[in-house]
Each structure stands twice: as C-alpha cells, then as structure tokens.
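So this one's model-v3.tsv, TSV, C-alpha atoms:
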chain	number	residue	atom	x	y	z
A	1	MET	CA	-11.29	82.03	58.97
A	2	ALA	CA	-13.43	78.93	59.46
A	3	THR	CA	-11.54	75.66	59.79
A	4	ASN	CA	-12.44	72.95	57.31
A	5	PRO	CA	-14.05	69.89	58.90
A	6	LYS	CA	-11.96	66.76	59.24
A	7	TYR	CA	-13.30	63.81	57.28
A	8	SER	CA	-12.24	60.20	57.62
A	9	ILE	CA	-13.44	57.22	55.59
A	10	ILE	CA	-13.24	53.75	57.12
A	11	LEU	CA	-13.94	50.49	55.29
A	12	THR	CA	-14.53	47.32	57.33
A	13	ASP	CA	-14.13	43.83	55.89
A	14	THR	CA	-15.99	40.65	56.83
A	15	SER	CA	-13.41	39.81	59.53
A	16	GLY	CA	-13.83	43.18	61.24
A	17	ASN	CA	-10.54	44.61	59.94
A	18	LYS	CA	-10.77	48.37	59.46
A	19	TYR	CA	-9.00	50.39	56.78
A	20	GLU	CA	-8.87	54.16	57.00
A	21	PHE	CA	-8.25	56.07	53.77
A	22	GLU	CA	-6.71	59.44	54.56
A	23	LYS	CA	-5.81	60.32	50.95
A	24	ALA	CA	-9.29	59.94	49.48
A	25	THR	CA	-10.39	62.58	46.98
A	26	ASN	CA	-13.62	63.26	45.08
A	27	ARG	CA	-15.59	62.79	48.31
A	28	ALA	CA	-19.37	63.17	48.49
A	29	TRP	CA	-22.27	61.79	50.50
A	30	GLU	CA	-26.03	62.07	50.29
A	31	ARG	CA	-28.98	61.23	52.52
A	32	TYR	CA	-32.68	61.24	51.63
A	33	GLU	CA	-35.99	60.86	53.41
A	34	ASN	CA	-37.65	57.50	52.65
A	35	GLU	CA	-35.14	56.90	49.87
A	36	VAL	CA	-31.66	55.40	49.55
A	37	GLY	CA	-28.64	57.65	50.14
A	38	LYS	CA	-25.32	57.43	48.29
A	39	CYS	CA	-21.64	58.12	48.78
A	40	ARG	CA	-18.60	58.38	46.53
A	41	PHE	CA	-14.85	58.72	46.99
A	42	THR	CA	-11.65	57.96	45.08
A	43	ILE	CA	-8.58	56.16	46.45
A	44	PRO	CA	-5.37	57.18	44.61
A	45	HIS	CA	-3.58	54.36	42.80
A	46	ASN	CA	-0.44	54.84	44.94
A	47	ASP	CA	-2.24	54.40	48.29
A	48	SER	CA	-0.57	51.48	50.07
A	49	LYS	CA	-3.98	50.02	51.03
A	50	ILE	CA	-5.38	50.02	47.49
A	51	THR	CA	-4.79	46.26	47.12
A	52	ALA	CA	-6.67	45.29	50.28
A	53	SER	CA	-9.32	42.60	49.78
A	54	VAL	CA	-11.82	44.96	51.42
A	55	PHE	CA	-12.71	46.17	47.91
A	56	ASP	CA	-13.76	42.71	46.74
A	57	SER	CA	-16.69	41.86	49.02
A	58	GLY	CA	-20.38	42.72	48.93
A	59	LYS	CA	-20.25	42.76	52.74
A	60	THR	CA	-17.75	45.62	52.99
A	61	LYS	CA	-19.08	48.37	55.26
A	62	ILE	CA	-18.42	52.07	54.73
A	63	ASP	CA	-18.42	54.62	57.55
A	64	ILE	CA	-17.83	58.30	56.83
A	65	TYR	CA	-16.91	60.44	59.83
A	66	ARG	CA	-17.06	64.21	60.06
A	67	ASN	CA	-15.11	65.67	62.99
A	68	GLY	CA	-15.30	62.30	64.70
A	69	THR	CA	-19.06	61.79	64.26
A	70	VAL	CA	-20.42	59.26	61.78
A	71	VAL	CA	-22.55	61.05	59.14
A	72	TRP	CA	-22.99	58.28	56.56
A	73	GLN	CA	-23.10	54.48	56.72
A	74	GLY	CA	-23.70	51.83	54.13
A	75	LEU	CA	-22.23	49.08	51.99
A	76	LEU	CA	-19.79	49.13	49.10
A	77	PHE	CA	-21.78	48.48	45.92
A	78	THR	CA	-19.57	49.45	42.97
A	79	THR	CA	-15.89	50.10	42.29
A	80	GLU	CA	-14.44	51.73	39.20
A	81	ASP	CA	-10.70	51.44	38.49
A	82	ASN	CA	-8.79	53.67	36.11
A	83	THR	CA	-5.36	55.29	35.80
A	84	GLU	CA	-6.06	57.66	38.68
A	85	GLY	CA	-7.07	54.99	41.19
A	86	THR	CA	-10.26	53.33	42.49
A	87	THR	CA	-13.55	55.18	42.83
A	88	VAL	CA	-15.87	53.59	45.37
A	89	TYR	CA	-19.65	54.00	45.31
A	90	GLY	CA	-21.76	53.07	48.30
A	91	LEU	CA	-25.46	52.90	49.12
A	92	ASP	CA	-26.79	53.33	52.63
A	93	TYR	CA	-28.35	50.51	54.64
A	94	LYS	CA	-31.89	51.27	53.43
A	95	GLU	CA	-30.87	49.73	50.09
A	96	THR	CA	-30.67	46.32	51.76
A	97	LEU	CA	-34.37	46.47	52.66
A	98	LYS	CA	-35.02	45.80	48.96
A	99	TRP	CA	-33.49	42.33	49.30
A	100	TYR	CA	-36.18	40.74	51.47
A	101	ARG	CA	-39.66	39.50	50.62
A	102	VAL	CA	-42.58	40.23	52.90
A	103	GLY	CA	-44.73	37.14	52.32
A	104	PHE	CA	-46.88	35.78	49.51
A	105	ASN	CA	-50.65	36.20	49.86
A	106	THR	CA	-50.23	37.30	53.48
A	107	SER	CA	-53.35	39.13	54.68
A	108	TYR	CA	-53.66	41.72	57.42
A	109	SER	CA	-57.10	42.81	58.59
A	110	GLY	CA	-57.75	45.79	60.85
A	111	VAL	CA	-54.18	46.00	62.18
A	112	THR	CA	-51.97	48.89	63.20
A	113	ILE	CA	-49.27	49.94	60.74
A	114	GLY	CA	-46.21	49.80	63.00
A	115	SER	CA	-46.79	47.03	65.52
A	116	GLY	CA	-49.26	45.13	63.33
A	117	VAL	CA	-47.34	45.01	60.03
A	118	ILE	CA	-43.83	46.49	60.10
A	119	SER	CA	-42.59	45.00	63.36
A	120	PRO	CA	-43.53	41.36	62.61
A	121	VAL	CA	-42.16	41.64	59.06
A	122	PHE	CA	-38.87	42.98	60.41
A	123	ASP	CA	-38.73	40.13	62.95
A	124	ALA	CA	-39.31	37.54	60.22
A	125	ILE	CA	-36.47	38.97	58.12
A	126	ASP	CA	-34.22	39.24	61.17
A	127	ALA	CA	-34.73	35.51	61.79
A	128	LEU	CA	-33.20	34.63	58.41
A	129	SER	CA	-29.56	33.59	58.42
A	130	ASP	CA	-27.12	36.14	56.99
A	131	SER	CA	-29.72	38.89	56.65
A	132	THR	CA	-28.73	42.52	57.12
A	133	PRO	CA	-31.31	43.17	59.90
A	134	GLY	CA	-29.66	41.85	63.00
A	135	SER	CA	-26.25	41.91	61.30
A	136	LEU	CA	-25.85	45.54	60.27
A	137	PHE	CA	-28.67	47.16	62.25
A	138	THR	CA	-31.32	46.24	64.78
A	139	LYS	CA	-34.95	47.14	65.32
A	140	GLY	CA	-35.43	50.49	66.99
A	141	THR	CA	-38.55	52.57	67.57
A	142	ILE	CA	-41.55	51.46	65.51
A	143	GLU	CA	-44.48	53.85	65.94
A	144	ASN	CA	-48.13	53.49	64.98
A	145	PRO	CA	-49.44	56.43	62.95
A	146	TYR	CA	-52.59	58.04	64.31
A	147	GLN	CA	-55.92	58.87	62.77
A	148	THR	CA	-56.29	62.53	61.86
A	149	SER	CA	-56.45	64.94	64.82
A	150	THR	CA	-56.51	62.10	67.36
A	151	THR	CA	-54.18	59.88	69.33
A	152	THR	CA	-56.06	56.82	68.12
A	153	ASN	CA	-53.96	54.34	66.18
A	154	LYS	CA	-54.87	54.10	62.51
A	155	THR	CA	-55.70	50.54	61.38
A	156	ILE	CA	-55.49	49.13	57.87
A	157	SER	CA	-56.20	45.99	55.88
A	158	LEU	CA	-53.91	44.80	53.09
A	159	THR	CA	-52.47	41.71	51.43
A	160	THR	CA	-48.82	41.33	50.51
A	161	PHE	CA	-47.65	39.35	47.48
A	162	ASP	CA	-43.92	38.93	48.10
A	163	GLU	CA	-43.03	42.52	47.27
A	164	ASP	CA	-39.80	43.69	48.87
A	165	PHE	CA	-39.74	45.26	52.34
A	166	PHE	CA	-38.59	48.68	51.03
A	167	THR	CA	-41.55	48.89	48.64
A	168	LEU	CA	-43.95	47.87	51.41
A	169	LEU	CA	-42.56	50.58	53.68
A	170	GLN	CA	-43.10	53.24	51.02
A	171	LYS	CA	-46.70	52.05	50.65
A	172	LEU	CA	-47.20	52.23	54.40
A	173	VAL	CA	-45.95	55.81	54.37
A	174	TYR	CA	-48.88	56.56	52.02
A	175	TYR	CA	-51.28	54.82	54.39
A	176	SER	CA	-49.88	56.75	57.33
A	177	ARG	CA	-50.47	60.20	55.90
A	178	SER	CA	-53.90	59.57	54.37
A	179	ASN	CA	-57.24	59.45	56.12
A	180	SER	CA	-60.80	59.02	54.87
A	181	PRO	CA	-63.02	60.85	54.35
A	182	THR	CA	-60.94	64.05	54.23
A	183	GLY	CA	-58.05	62.72	52.17
A	184	ALA	CA	-54.33	63.24	52.67
A	185	TRP	CA	-52.99	65.25	55.55
A	186	GLU	CA	-49.69	66.63	56.85
A	187	GLN	CA	-48.42	63.75	58.97
A	188	ASN	CA	-44.79	63.26	57.90
A	189	THR	CA	-44.05	59.57	58.38
A	190	VAL	CA	-40.45	58.47	57.88
A	191	PHE	CA	-38.57	55.18	57.92
A	192	ASP	CA	-34.83	55.34	58.34
A	193	ILE	CA	-31.59	53.67	59.38
A	194	ALA	CA	-29.73	56.73	60.57
A	195	PRO	CA	-25.91	56.72	60.95
A	196	ALA	CA	-24.91	55.72	64.48
A	197	SER	CA	-22.39	53.62	66.39
A	198	SER	CA	-25.17	51.03	66.73
A	199	PRO	CA	-27.64	51.84	63.91
A	200	THR	CA	-31.31	50.95	64.26
A	201	PHE	CA	-34.22	50.72	61.86
A	202	THR	CA	-37.00	53.15	62.81
A	203	PHE	CA	-40.50	53.98	61.58
A	204	LEU	CA	-41.73	57.28	63.04
A	205	ARG	CA	-45.23	58.62	62.52
A	206	ASN	CA	-44.47	62.36	62.37
A	207	VAL	CA	-40.96	63.69	61.93
A	208	GLY	CA	-39.75	67.27	61.92
A	209	SER	CA	-40.55	70.71	63.29
A	210	ASP	CA	-39.94	74.30	62.19
A	211	LYS	CA	-36.58	75.62	63.39
A	212	SER	CA	-36.92	79.36	63.93
A	213	ASP	CA	-33.15	79.81	64.35
A	214	ALA	CA	-32.33	78.17	61.01
A	215	VAL	CA	-32.78	81.08	58.60
A	216	PHE	CA	-31.04	81.14	55.22
A	217	GLU	CA	-31.11	84.06	52.76
A	218	LEU	CA	-29.92	84.58	49.22
A	219	ASP	CA	-26.68	86.58	48.99
A	220	GLY	CA	-25.98	85.53	52.56
A	221	GLU	CA	-25.85	81.88	53.48
A	222	ILE	CA	-27.34	80.89	50.09
A	223	ILE	CA	-25.01	81.44	47.13
A	224	ASN	CA	-27.08	79.63	44.50
A	225	PHE	CA	-30.43	77.94	44.12
A	226	SER	CA	-32.44	75.84	41.70
A	227	PHE	CA	-36.23	76.13	41.91
A	228	ILE	CA	-38.01	73.67	39.63
A	229	ASN	CA	-41.66	73.95	38.66
A	230	ASP	CA	-42.57	70.67	36.95
A	231	PHE	CA	-45.93	70.54	35.14
A	232	ARG	CA	-45.36	67.13	33.51
A	233	PHE	CA	-46.90	64.88	36.12
A	234	ILE	CA	-50.02	66.75	37.23
A	235	HIS	CA	-52.98	64.39	37.78
A	236	ASN	CA	-56.26	65.94	38.88
A	237	ASP	CA	-58.79	63.28	37.79
A	238	ILE	CA	-57.59	59.95	39.18
A	239	LYS	CA	-59.41	56.63	38.98
A	240	GLY	CA	-57.59	53.94	40.89
A	241	TYR	CA	-58.24	50.22	40.47
A	242	THR	CA	-57.60	47.05	42.42
A	243	VAL	CA	-58.96	43.51	42.72
A	244	GLY	CA	-60.77	42.56	45.91
A	245	THR	CA	-62.14	39.30	47.21
A	246	GLY	CA	-64.57	37.40	45.05
A	247	PRO	CA	-62.71	38.39	42.92
A	248	ALA	CA	-64.19	41.81	42.23
A	249	VAL	CA	-62.67	44.82	40.52
A	250	LEU	CA	-62.79	47.83	42.83
A	251	ASN	CA	-62.33	51.41	41.73
A	252	SER	CA	-62.16	54.86	43.30
A	253	THR	CA	-62.41	58.17	41.45
A	254	GLN	CA	-61.11	61.37	43.04
A	255	THR	CA	-61.01	64.79	41.35
A	256	ASP	CA	-60.00	68.35	42.17
A	257	SER	CA	-62.08	70.99	40.38
A	258	THR	CA	-59.69	73.86	41.17
A	259	SER	CA	-56.76	72.06	39.59
A	260	ILE	CA	-58.85	70.99	36.59
A	261	SER	CA	-59.87	74.58	35.94
A	262	ALA	CA	-56.32	75.88	36.28
A	263	GLN	CA	-54.38	73.08	34.56
A	264	TYR	CA	-56.89	71.37	32.20
A	265	ARG	CA	-58.32	67.99	33.12
A	266	ARG	CA	-55.49	65.45	33.42
A	267	GLN	CA	-56.69	61.89	33.95
A	268	PHE	CA	-54.73	58.99	35.38
A	269	ALA	CA	-55.79	55.39	36.08
A	270	PRO	CA	-53.24	53.57	38.28
A	271	VAL	CA	-53.64	49.97	39.43
A	272	HIS	CA	-52.86	49.35	43.11
A	273	GLY	CA	-52.40	45.61	43.18
A	274	ASP	CA	-51.47	45.49	46.85
A	275	LEU	CA	-54.92	46.68	48.01
A	276	THR	CA	-57.98	44.48	48.48
A	277	VAL	CA	-60.36	46.77	50.44
A	278	GLN	CA	-62.44	49.69	49.09
A	279	GLY	CA	-61.69	52.02	51.98
A	280	GLU	CA	-57.94	51.62	51.62
A	281	LEU	CA	-58.17	52.19	47.88
A	282	ASP	CA	-60.10	55.41	48.54
A	283	GLU	CA	-57.38	56.62	50.90
A	284	ARG	CA	-54.56	55.79	48.50
A	285	VAL	CA	-56.20	57.62	45.61
A	286	LYS	CA	-57.02	60.63	47.79
A	287	ASP	CA	-53.41	60.83	48.92
A	288	GLN	CA	-52.20	60.52	45.33
A	289	LEU	CA	-54.54	63.31	44.26
A	290	LYS	CA	-53.31	65.53	47.08
A	291	LYS	CA	-49.73	64.97	45.99
A	292	GLU	CA	-50.18	65.25	42.22
A	293	LYS	CA	-52.98	67.77	41.60
A	294	ASP	CA	-50.61	70.76	41.57
A	295	VAL	CA	-47.33	71.58	39.90
A	296	ALA	CA	-44.41	69.84	41.60
A	297	LYS	CA	-42.06	72.36	43.22
A	298	THR	CA	-38.58	71.38	44.36
A	299	LEU	CA	-35.92	73.73	45.71
A	300	THR	CA	-32.23	72.87	45.95
A	301	LEU	CA	-29.88	75.29	47.67
A	302	SER	CA	-26.12	75.74	47.54
A	303	PHE	CA	-24.78	77.10	50.80
A	304	ALA	CA	-21.64	79.17	51.14
A	305	PRO	CA	-18.53	77.09	51.93
A	306	GLY	CA	-18.15	76.54	55.65
A	307	LEU	CA	-21.84	76.06	56.47
A	308	ALA	CA	-22.11	72.67	58.13
A	309	PRO	CA	-24.79	70.15	57.12
A	310	PHE	CA	-27.66	69.84	59.59
A	311	ASP	CA	-26.35	72.74	61.68
A	312	GLY	CA	-29.29	73.58	63.93
A	313	TYR	CA	-31.74	71.35	62.08
A	314	SER	CA	-32.26	67.72	61.08
A	315	MET	CA	-33.77	65.77	58.22
A	316	GLY	CA	-37.50	66.46	58.16
A	317	ASP	CA	-37.29	69.83	59.91
A	318	GLY	CA	-38.50	73.08	58.41
A	319	ILE	CA	-35.90	75.78	57.79
A	320	LYS	CA	-36.74	79.38	56.91
A	321	VAL	CA	-35.75	80.27	53.35
A	322	ARG	CA	-35.74	83.82	51.98
A	323	ILE	CA	-35.14	84.26	48.26
A	324	SER	CA	-36.18	87.21	46.13
A	325	ARG	CA	-34.69	86.98	42.66
A	326	GLY	CA	-36.42	87.31	39.30
A	327	ARG	CA	-39.67	85.34	39.32
A	328	VAL	CA	-38.85	83.61	42.60
A	329	SER	CA	-40.20	85.05	45.84
A	330	ILE	CA	-39.91	82.73	48.85
A	331	ASP	CA	-40.18	83.61	52.52
A	332	GLU	CA	-41.37	80.49	54.28
A	333	PHE	CA	-40.43	77.36	56.16
A	334	MET	CA	-39.55	74.54	53.78
A	335	ARG	CA	-39.02	70.92	54.77
A	336	VAL	CA	-35.59	69.28	54.46
A	337	VAL	CA	-36.06	66.00	52.55
A	338	GLY	CA	-32.49	65.44	51.41
A	339	MET	CA	-28.88	66.50	51.89
A	340	ILE	CA	-26.03	66.47	49.37
A	341	VAL	CA	-22.52	67.21	50.62
A	342	ASP	CA	-19.45	67.56	48.39
A	343	VAL	CA	-16.05	67.78	50.06
A	344	GLU	CA	-13.55	69.49	47.81
A	345	ASP	CA	-9.99	68.22	47.67
A	346	SER	CA	-8.96	71.42	49.47
A	347	GLY	CA	-11.14	70.31	52.39
A	348	ALA	CA	-13.86	72.92	51.83
A	349	GLU	CA	-17.37	71.54	52.30
A	350	ILE	CA	-20.23	72.43	49.95
A	351	THR	CA	-23.65	71.70	51.47
A	352	ARG	CA	-26.81	71.43	49.35
A	353	PRO	CA	-30.04	70.64	51.21
A	354	ILE	CA	-33.03	69.52	49.14
A	355	LEU	CA	-36.26	71.18	50.22
A	356	GLN	CA	-39.95	70.76	49.51
A	357	ARG	CA	-42.97	72.82	50.42
A	358	LYS	CA	-44.68	71.39	53.46
A	359	ARG	CA	-47.74	69.16	53.08
A	360	SER	CA	-51.09	70.69	53.94

Output the structure of this file as structure tokens.
Amino acid sequence: MATNPKYSIILTDTSGNKYEFEKATNRAWERYENEVGKCRFTIPHNDSKITASVFDSGKTKIDIYRNGTVVWQGLLFTTEDNTEGTTVYGLDYKETLKWYRVGFNTSYSGVTIGSGVISPVFDAIDALSDSTPGSLFTKGTIENPYQTSTTTNKTISLTTFDEDFFTLLQKLVYYSRSNSPTGAWEQNTVFDIAPASSPTFTFLRNVGSDKSDAVFELDGEIINFSFINDFRFIHNDIKGYTVGTGPAVLNSTQTDSTSISAQYRRQFAPVHGDLTVQGELDERVKDQLKKEKDVAKTLTLSFAPGLAPFDGYSMGDGIKVRISRGRVSIDEFMRVVGMIVDVEDSGAEITRPILQRKRS
C-alpha cells in the first residue's frame, strides 16, 4: 500500500522565527501558470502556537513542504477564526507583483521584451526600500522571446502608464506569442516565482514539452473529470482600438470566416490603452482572435489517491490523456496550466491538474 506523503507547514515571522504546524487540517495548495496560486490550512484552537504573533503580520511567509521539498511559497493574506480554530489563506509571491507601478508615460521603442522591458522594470522595483523583489525573491533568468521560426529576438514598442508589474507581464506574454503578419503562434511564454530554497523571478520564452511517459487514462489513474465547453465568450470579428501619437485613434479589425460560419458572427471592440503603435495593435488583436474565435475547452482531472503532483512532468508540459466516456473522446497531449492539491486529514493526497488544449 502506498505511503501517504509527509506534509509540513512552516510560517516565518519578520524576525526570522519559524513556526511549524504539525496538527494542521483542511490543507490545500494550488499553482497556476501566469496567475496567482493559493493555499489554505486550519490550525486547531488548542494548538499551543495558535497565539503566536506570526498570524498578525502582512510579512508572514508560508512554506509548504512535501516529503522535505518545498512545493508552495507565499505570504499570509487572510485569517479566519471560529470555534474550530484559525484558517489561514495564502497567496503565492506572484501576488506581490501587483503592488508595484511600472512608470507613468514611460516609452519603449524597438526594444526586446525580456532585457529591454522586464529586466529594467524589475531592477527599478528592486531598488525600492521594503519591496518584495530583493527581499523575498531575486531576479533569475529573463529570456527574450523570438520571432516566429527564428532565433531572432522579437522587438516591441509600447508606453506604460503606471499599471502594475503583474498586469504588464501578462500583456508581454501576449506580445511574446503573437507575430505579424501570421497572427498568434504556439510559443508558451511563462513568468513565475517557483518554490525554492532561494526563489527567483523568471520570464521564459517557451516552457514545456510533451512527456511520453506521463499517460493517464479514465478508470485507471483518472477517477473523475470535468470537461467544459464554454460558448459564452467566442469573439470572431474583433476590432481593437488604441490612441497613438498625434493623438490619433488607431484600429485593427481581424476576423475568422470559419468561426463566423460555425458560430454566427460575434463582434467585440476592446480598447488597448497600453498600445501606441499600429503594428503592435495588429498583433494583439490577432492573438486575441486566435484565443477567442473557438469554444473555450478546459479539462480538470481528479487522479486516484496516491498519485503525486508533477510526477514525471512539470507545469507547462504536455501529458497524454485518454478519456472515452459519453460525448467525450480524448486521446492527446494536453498542457498542464494549473495544479490543485487537497490533502485529506487522513493524509491521503488528491491531485487535480488543470489542462488546456495546446496552442496551434
């Protein structure tokens, strides 16, 4: 019989004092690609460390270890006290990237994405006193995305207006995977602050590969699944707007005739206020069309107890999924874009990866 993994939860206060909570229940942690991950656990009211001041600071760090390896890191964000004890909710370090501005009316012209924009912005934030970059994590690998089918660095032009760093990074992910004149492509750009003894912020141009040994089948490793087809947000006739120099109102219209025929014409007119150049607006709208012209398909799996998270694969990798049940027929590699792990009070671990069909 498989042995349950050993979990330990350690909270660290502002003085570096560490508190390990061995009696925690209701344990869960989540990680997501280009989004903020979460954790949750409950400390019983009769735990001798329940009154520690570690629960009263916005600087309290949370480290969750699985069999001695850190699998989740972040800060304490919310506590809820009731008759049973204290439930702690944490958000991973990517949440803190929302706290920092990236400059008002700061223009970049013909620069690379990683070394030309992200790296200097990170350095400027790092130079601030009491900022999380430099305190909780440092700058790691910052890559420059390439132009399609080349090893030539892609260059962009944009102007920032004091949006937060997290929002800018999500925009730069769009830039990284789009390319005129052919539109969006399959480059999988990811920014992350992965759990580690010395965590680093990274921006990588193309993450993930298909793992031929990671094969999961219904009525085997998979005990349940949820496959969602969402028709609500299809957009196949998109006209994007922005304001360029002059000022002048710029627009870009992109359509997909196949989607229009199959799904009716569905128009959308977003405003992209961060863009000031026609070419970049074209790329953004093409990428948006590529993403939104078809029905959104999301698959969430529930693995049998005892299957470890990220066993033989990592975030961003493709794992082979085989499901034949009712209307659902899947036999393909799907990309891991999230991971939800619930640890039952018995110690059994329930792993639920979140998958999406790969970009093409």

field: Selected residue of minimal separation from Ala296 (chain A) among A:Tyr241, A:Phe231, A:Phe137, A:Tyr93, counting all atoms listed in the file
entry: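 Among A:Tyr241, A:Phe231, A:Phe137, A:Tyr93, it is A:Phe231 that comes nearest to Ala296 (chain A).
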
statement: In terms of all atoms listed in the file, the residue from A:Ser346, A:Ser178, A:Thr351, A:Ser329 at minimal distance from Gly279 (chain A) is A:Ser178

- prompt: Hey, can you check how far CA of Ile64 (chain A) sits from CA of Ile9 (chain A)?
  reply: 4.7 Å

- prompt: Do you have the CA of Arg359 (chain A)-CA of Leu97 (chain A) distance handy?
  reply: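 Distance reported for this atom pair: 26.3 Å.
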
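Considering all atoms listed in the file, the residue among A:Ala124, A:Ala308, A:Val117, A:Ala196 positioned nearest to Leu136 (chain A) is A:Ala196.
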
message: Just the number, please: distance in Å from CA of Val71 (chain A) to CA of Ser135 (chain A), one decimal.
response: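 One can read the CA of Val71 (chain A) to CA of Ser135 (chain A) distance as 19.6 Å.
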
field: Near-region 286-290 of chain A list (12 Å; only C-alpha atoms; drop same-chain fewer than 5 positions) as a count of residues only
entry: 46

message: For Thr200 (chain A), find every residue with an atom within 7 Å (counting only C-alpha atoms), except residues of its own chain fewer than 3 positions away, and show them as a list in words.
response: Phe137, Thr138, Lys139, Gly140 and Ile193 of chain A

Rows by chain and residue number, region 301-350 of chain A within 10 Å of region 28-42 of chain A, shortest pair, all atoms listed in the file, as a Markdown table:
| residue | atom | partner | partner_atom | distance |
| --- | --- | --- | --- | --- |
| A:Met315 | CA | A:Glu33 | CA | 7.2 |
| A:Gly316 | CA | A:Glu33 | CA | 7.5 |
| A:Val336 | CA | A:Glu33 | CA | 8.5 |
| A:Val337 | CA | A:Glu33 | CA | 5.2 |
| A:Gly338 | CA | A:Tyr32 | CA | 4.2 |
| A:Met339 | CA | A:Arg31 | CA | 5.3 |
| A:Ile340 | CA | A:Glu30 | CA | 4.5 |
| A:Val341 | CA | A:Trp29 | CA | 5.4 |
| A:Asp342 | CA | A:Ala28 | CA | 4.4 |
| A:Val343 | CA | A:Ala28 | CA | 5.9 |
| A:Glu344 | CA | A:Ala28 | CA | 8.6 |
| A:Glu349 | CA | A:Ala28 | CA | 9.4 |
| A:Ile350 | CA | A:Ala28 | CA | 9.4 |

field: Using only C-alpha atoms: which of A:Gly85, A:Pro5, A:Gly318, A:Gly208 has the shortest distance to Val190 (chain A)
entry: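 Distance minimum relative to Val190 (chain A) lands on A:Gly208.
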
query: Do you know which residues lie at most 8 Å from (-19.2, 45.3, 53.4), with coordinates as in the file and all atoms listed in the file counted, and could you write them as a VMD selection string?
result: chain A and resid 11 to 14 54 57 to 62 74 to 76

field: Nearest residue to Glu163 (chain A) from the set A:Thr106, A:Thr78, A:Thr132, A:Ser302 (distances using all atoms listed in the file)
entry: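 Using all atoms listed in the file, the shortest distance to Glu163 (chain A) belongs to A:Thr106.
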
- prompt: Contacts of Pro133 (chain A) at 9 Å or less, counting all atoms listed in the file, minus same-chain residues fewer than 6 places along, as a list in words?
  reply: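 So the residues in contact are Thr96, Leu97, Phe122, Asp123, Ile125, Asp126, Ala127, Lys139, Thr200 and Phe201 of chain A.
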
- prompt: If we count all atoms listed in the file, what is near Ile50 (chain A) at a cut-off of 10 Å, once residues fewer than 3 positions away on the same chain are taken out, given as a list in words?
  reply: Tyr19, Phe21, Ile43, Pro44, His45, Asn46, Asp47, Ser53, Val54, Phe55, Gly85 and Thr86 of chain A

query: So, counting only C-alpha atoms, which residue among A:Tyr108, A:Thr69, A:Phe303, A:Met334 is closest to Asp219 (chain A)?
result: A:Phe303

May I have the residues within 8 Å of Asp331 (chain A) as a PDB file with C-alpha atoms, in the coordinates of the input, using all atoms listed in the file and disregarding those fewer than 5 positions away in the same chain?
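Output file selection_21.pdb is given in full below:
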ATOM      1  CA  LYS A 320     -36.740  79.380  56.910  1.00  0.00           C
ATOM      2  CA  VAL A 321     -35.750  80.270  53.350  1.00  0.00           C
ATOM      3  CA  ARG A 322     -35.740  83.820  51.980  1.00  0.00           C
ATOM      4  CA  ILE A 323     -35.140  84.260  48.260  1.00  0.00           C
TER       5      ILE A 323
END
